[in-house]
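Student: First the structure, which I've put down as structure tokens, then a few questions once you've had a look.
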Amino acid sequence: MVPSSAVAIFSSWHAYRRGLATNLHELGIPDKVIQAILRHEDVKTTQRSYVKTLPSVVTEAMKRLEQRIACAADVQQVSVN
């Protein structure tokens with residue numbers, strides 16, 4: 001049996017790889033290049049399991065969230081100094 005902590009690490013690692021593949025895809029990087037970065041033998045594995053196409057609404061919401069987080073980090077940094 002696999003310890004639950006190992007499952008969490010495994011899950012997080014694959015979530016990172018999916019996020020990387022999806023972000024590269026959104027930047028217009030060809031799937032064959034993403035395949036090479038992730039070291040998959042078959043590009044279909046990359047396309048089927050790692051590259052997740054996002055609706056533009058979700059993409060826009062994530063950009064807004066990233067901006068809010070960046071602004072909050074700037075405010076905290078200024079407050080500490």
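Just remember, in the structure tokens the first chain shown is A, the second B, etc., residues are 1-based per chain, and ligands are 1-based in the order shown.
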What are the DSSP helix (DSSP H, G or I) residues of stretch 4-55 of chain A, as a PDB file with C-alpha atoms, in the first residue's frame?
Tutor:
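This went into states-v2.pdb:
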ATOM      1  CA  SER A   4      -1.027   8.927   1.654  1.00  0.00           C
ATOM      2  CA  SER A   5       1.879  11.406   1.713  1.00  0.00           C
ATOM      3  CA  ALA A   6       3.369   9.693  -1.354  1.00  0.00           C
ATOM      4  CA  VAL A   7       0.031   9.975  -3.154  1.00  0.00           C
ATOM      5  CA  ALA A   8      -0.125  13.719  -2.422  1.00  0.00           C
ATOM      6  CA  ILE A   9       3.405  14.247  -3.769  1.00  0.00           C
ATOM      7  CA  PHE A  10       2.642  12.142  -6.851  1.00  0.00           C
ATOM      8  CA  SER A  11      -0.560  14.057  -7.466  1.00  0.00           C
ATOM      9  CA  SER A  12       1.155  17.425  -7.049  1.00  0.00           C
ATOM     10  CA  TRP A  13       3.973  16.490  -9.403  1.00  0.00           C
ATOM     11  CA  HIS A  14       1.536  15.523 -12.164  1.00  0.00           C
ATOM     12  CA  ALA A  15      -0.541  18.647 -11.529  1.00  0.00           C
ATOM     13  CA  TYR A  16       2.645  20.682 -12.035  1.00  0.00           C
ATOM     14  CA  ARG A  17       3.404  18.852 -15.288  1.00  0.00           C
ATOM     15  CA  ARG A  18      -0.169  19.351 -16.539  1.00  0.00           C
ATOM     16  CA  GLY A  19       0.034  23.041 -15.659  1.00  0.00           C
ATOM     17  CA  LEU A  20       3.363  23.379 -17.429  1.00  0.00           C
ATOM     18  CA  ALA A  21       2.070  21.634 -20.549  1.00  0.00           C
ATOM     19  CA  THR A  22      -1.127  23.683 -20.592  1.00  0.00           C
ATOM     20  CA  ASN A  23       0.705  26.993 -20.125  1.00  0.00           C
ATOM     21  CA  LEU A  24       3.205  26.150 -22.863  1.00  0.00           C
ATOM     22  CA  HIS A  25       0.319  25.204 -25.157  1.00  0.00           C
ATOM     23  CA  GLU A  26      -1.449  28.501 -24.384  1.00  0.00           C
ATOM     24  CA  ASP A  31       2.819  19.954 -28.979  1.00  0.00           C
ATOM     25  CA  LYS A  32       5.934  18.133 -30.240  1.00  0.00           C
ATOM     26  CA  VAL A  33       8.121  20.573 -28.273  1.00  0.00           C
ATOM     27  CA  ILE A  34       5.980  20.108 -25.156  1.00  0.00           C
ATOM     28  CA  GLN A  35       6.297  16.359 -25.655  1.00  0.00           C
ATOM     29  CA  ALA A  36      10.087  16.687 -25.705  1.00  0.00           C
ATOM     30  CA  ILE A  37      10.116  18.856 -22.573  1.00  0.00           C
ATOM     31  CA  LEU A  38       7.949  16.342 -20.685  1.00  0.00           C
ATOM     32  CA  VAL A  43       2.902  13.055 -28.537  1.00  0.00           C
ATOM     33  CA  LYS A  44      -0.601  11.608 -28.038  1.00  0.00           C
ATOM     34  CA  THR A  45       0.209  11.062 -24.346  1.00  0.00           C
ATOM     35  CA  THR A  46       1.094  14.742 -24.064  1.00  0.00           C
ATOM     36  CA  GLN A  47      -2.032  15.848 -25.914  1.00  0.00           C
ATOM     37  CA  ARG A  48      -4.448  13.462 -24.204  1.00  0.00           C
ATOM     38  CA  SER A  49      -3.259  13.599 -20.600  1.00  0.00           C
ATOM     39  CA  TYR A  50      -1.253  16.773 -20.095  1.00  0.00           C
TER      40      TYR A  50
END
Student: State, in Å with one decimal place, the distance from atom CA of A:Thr59 to atom CA of A:Ile29.
Tutor: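 Rounded to one decimal, the two atoms are 16.7 Å apart.
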